[in-house]
Amino acid sequence: MLPKAYEPGSTEDRIYHMWEESGAFTANVKSSREPFVISMPPPNATGQLHIGHAARMSVEDIFIRFARMQGKEALWVPGTDHAAIATENVVIKKLKDGGMKDPRKELGRDKLVAKIAEFVEQSQGTIRSQIRKMGSSCDWSRERYTFEPALNRIVNEVFKKMYDGGLIYRGHRIVNWDPKLQTTVSDDEVEYIEEKAPFFTFQYGPFEISTSRPETKFGDKYVVMHPDDKRYKKYKDGETFECEWINGKVRATIIKDEVVDPAFGTGVMTITPWHDTADFDIAERHGLEKEQVIGFDGKLLAPIAGEFAGMKIEDARPLIVEKLKSKGLLVKTDENYVHNKAVSQRGKGTIEPQIKLQWFVDVNKEVISTFAPVGATADKQSSRSKKAKKTTAMSLKQIMHAVVHHGDITIIPDRFGKTYFHWIDNLRDWCISRQIWWGHRVPVWYRGEEIHTGAVAPEGAGWEQDSDTLDTWFSSSLWTWSTLIDPKLTKDFSLSLEEMLKQSPDYQKFHPTSVLETAYDILFFWVARMILMTTYVTGQVPFKTVYLSGLIRTRDGKKMSKSDPETVIDPLDVIPKYGADALRLSLTLGQGAGADSRLYDEKIAGYRNFVNKLWNASRFVLMQCETIGVNPHTVTTYEVKSLADKALHTALQRVIRDVTKCLEEYRLSEAGERLYGFVWDYFCDWYLELSKGEPNPELLVHSLRTILTLLHPFCPFVTEKLWEEVKQSTDPMLIVQPWPFAEDEKFPEEHVYLQTIIGVITAIRKLRSDHDVEHGKDVSVTLVTKEWVPLLESQESHIRRMAKVESLMITTGKFKPAKDMVSAFLPGIEVHLSLAGLIDLEKERGNLTKEKGELQKYIAGIGSKLQNKNFVERAAQNVVELERGKLKEAEEKLQKIEQRLKSL
RNA sequence: GGGCGGUUAGCUCAGCUGGUUAGAGCGCCGAGCUUACACCUCGGAGGUCACAGGUUCGAAUCCUGUACCGCCCACCA
């Protein structure tokens, strides 16, 4: 006998082990089945998984299990990310906490990298076990890591390919420099926070200029204004003048440029091209000199800063203002000025724009993909002959745009498509080099003026490899396909990238992948870059569908952040308390795609209760079997005996249909909630209660099997466990059990009768409780239509039992409003009231005069023309409502309807 | 400044292409140990679907505008 309550702890690990041992997770590359593939977004190997990861695992596992049960060759590739900056920071911090002052200096490159690798290995172990705890049915035989040797080879090949294709270049550009972490970061890794800072206006020659950053102003020798600004008409472009400035006299040049907003401040500004993106652009346009003012350590430089050289900018700022004030150059100070300060997403240090020699991916250069033509450009109808040639030469930006625009990739929910296009429009070249040590090293070697790019170091002495590493997203952008390349092939350096792809069976079978599921906050970081890199390099889109989930928030709607342990819900705390199934349900149900959701204890407890309800329902079914002497494992067929049986059976078919459809359309929350409601309200509270009188054990077993099958993707552990109790002895494990098909409804009209009867029963029950009729007293039912009488009579004994009455009198008589009947019907089942019925109804009520009767016929006539039953019924009903005393208005409405019909 | 969402019961949220009396979970109130389940059962209260217009026979749903909240992008010296 099963225990009274479900105990996840004693079951989950055993079941997971059983699945894994059985090989159910392992995809067969030789199978002829249709593939269904998900690349797991590789968690950062920086410690352990948090609740967001748990959400990813839950959703993806639902997709994968559903596909597997539907008979597809399901592959879910797991792995981890080396997470360059993030991991290096974590380890450096650990070393510092351990007493080391400057780990980089003390250990040197090789030793530090070894330390980080060691740490990564540990956290990979933790992560693997956590993924298992969630019940994720991923293919461990194909586990990969973004920084493994095979992937390094691929990264290098891609770099070389793009370098040779002119898409990767090295140049002096303005970059986001993080003085705290001592590296550049990409535009997407910069955040802006509002800050109140004094806003100073200074006298600069004949002009007044304003700034919140006087410390950058030492070298300013260009004043810029709009060419059309009348106030400064007398100054000519290129004119120079001398003026007193921070450290003595400077010779300034006047520049006219249209980017200056005449309405802002005085309409005049000085520029600092080395430390400001906009100023840099102006300087480039006019060929102006650029000079560095602030060092990479965040301190002012000599000789330009004069007496302030070597000072930190925060310290120098007030002193500089003071000095200008003493010279009489400070015009005014606005203390309430609010501006946006750029900070690094990692580490939160202030970002200092700097000019630096870096590696970039060119997103605007038009290239011809050397592989098969880009999928999206298979632009079928629209002027193929003309465009075909043109569209093969596209920039990376255009490629990214095209594949989504043409539907090669579908984004769910679709509103994120707009966000995606918007991002592309604003996209600038991607800075891919980082001045850190942990990561794929830039595969470029230098010897004097010589430069070599490739997967292996060049032969001969004196070559030195670039000391920078690549942005971590560079390697993760190759994830969907680099993980499908046979690692053995990557050791053979005679093979090209194209040949490796061609010779990898996994790649041939499983790429492009089916769905990419991730939270929307890495749409740009990762999803967009995968599209960019993969489509260019392989000529295939990385995935056909992007499913974006929302973020998991706290009860108050705040972000869960590690720095605030109070708010964080740790999956490892939840699982022992409530079970992985309950956690999975609470992370996937009750939320639309792309919408954030809040997680809190009561919510998880609620789903734990549901799991327990399912458990007890199963216990009850088993008990019934035992009482009657039926062995559930031998049940193969069932009979639909009673009316209730029929209702259950029909409802079950509908659930199968609804759930399947929802899952196929990626509406998993709806699918889950449909099941939740069905199991609890219909199966348990209604059918099981009824069946206490006259149980039909075979049908009970069959229904339970179906329910378990449908629920399995959502809560795999408890369903697999219960499956062991009720499955046919020849059935396999639930994880590989085929998905059920819904039977066709042969006699749809039966529904109406069926539901009517059940409606009657429910109505009787309600009547009894409303009027305090004692249990067992006689009840008389008055019916609407004569034809239902024989039906009700034939089911009299059922009705009596179900309605808990001793005797029943069935008669026809005065009209009972159909409305009341409908309201008493069971949830999830509709009733079709025909137009004819409606007219009858109104006649019975005496609402139809002769004229009005004509009116109804008129409507019915329109109805047949339109062949839209629904529309006419509703319209007719409205007319009936309105016409009571307002015949004229009703006629007008009808005329409008008719006009609309004609226009159709 | 540009863009994208949200505003539905005390709380957290569903409501797909407009269609019977707007739903669920939790909470609240009342009753109840009936052959599974108190992690339960039965019953109940509670909503002018942010506001104002419009389209329609019919609007929570479509359109326009307003207010508030949130997110993303750009960034102004």
# chains A, B, ... in the order shown; residues from 1 in each chain; ligands from 1
call {"tool": "closest_atom_pairs", "arguments": {"of": "chain B", "to": "chain A", "cutoff": "8 Å", "atoms": "only C-alpha atoms (C1' of nucleotides)", "output": "Markdown table"}}
result
| residue | atom | partner | partner_atom | distance |
| --- | --- | --- | --- | --- |
| B:G3 | C1' | A:His422 | CA | 7.4 |
| B:C4 | C1' | A:Thr419 | CA | 6.8 |
| B:U12 | C1' | A:Arg598 | CA | 7.5 |
| B:C13 | C1' | A:Gly590 | CA | 6.5 |
| B:A14 | C1' | A:Gly590 | CA | 6.9 |
| B:G19 | C1' | A:Arg874 | CA | 6.4 |
| B:U21 | C1' | A:Ser823 | CA | 7.9 |
| B:G25 | C1' | A:Gly606 | CA | 7.8 |
| B:C26 | C1' | A:Glu602 | CA | 7.4 |
| B:U35 | C1' | A:Lys692 | CA | 6.9 |
| B:A36 | C1' | A:Phe620 | CA | 4.1 |
| B:C37 | C1' | A:Asn616 | CA | 5.2 |
| B:C39 | C1' | A:Asn609 | CA | 4.4 |
| B:C57 | C1' | A:Ala875 | CA | 5.4 |
| B:G58 | C1' | A:Asn878 | CA | 7.4 |
| B:C72 | C1' | A:Thr419 | CA | 7.7 |
| B:C73 | C1' | A:Trp423 | CA | 7.0 |
| B:C76 | C1' | A:Phe264 | CA | 7.0 |
| B:A77 | C1' | A:Met269 | CA | 5.4 |
call {"tool": "select_by_dssp", "arguments": {"residues": "stretch 293-448 of chain A", "states": "helix (DSSP H, G or I)", "output": "PyMOL selection string"}}
result
chain A and resi 306-308+313-326+375-377+384-392+396-405+415-425
call {"tool": "closest_residue", "arguments": {"among": "A:Gln508, A:Ser642, A:Thr634, A:Ser344", "to": "A:Ser186", "atoms": "only C-alpha atoms"}}
result
A:Ser344
call {"tool": "closest_residue", "arguments": {"among": "A:Ile62, A:Met225, A:Ile409, A:Val537", "to": "A:Glu157", "atoms": "only C-alpha atoms"}}
result
A:Val537
call {"tool": "residues_around", "arguments": {"residues": "stretch 487-493 of chain A", "least_positions_apart": "3", "cutoff": "10 Å", "atoms": "only C-alpha atoms (C1' of nucleotides)", "output": "PyMOL selection string"}}
result
chain A and resi 144+148-154+455-456+482-484+496-497+499-501+503-504
call {"tool": "atom_distance", "arguments": {"atom1": "atom CA of A:Arg65", "atom2": "atom CA of A:Ile38"}}
result
11.3 Å
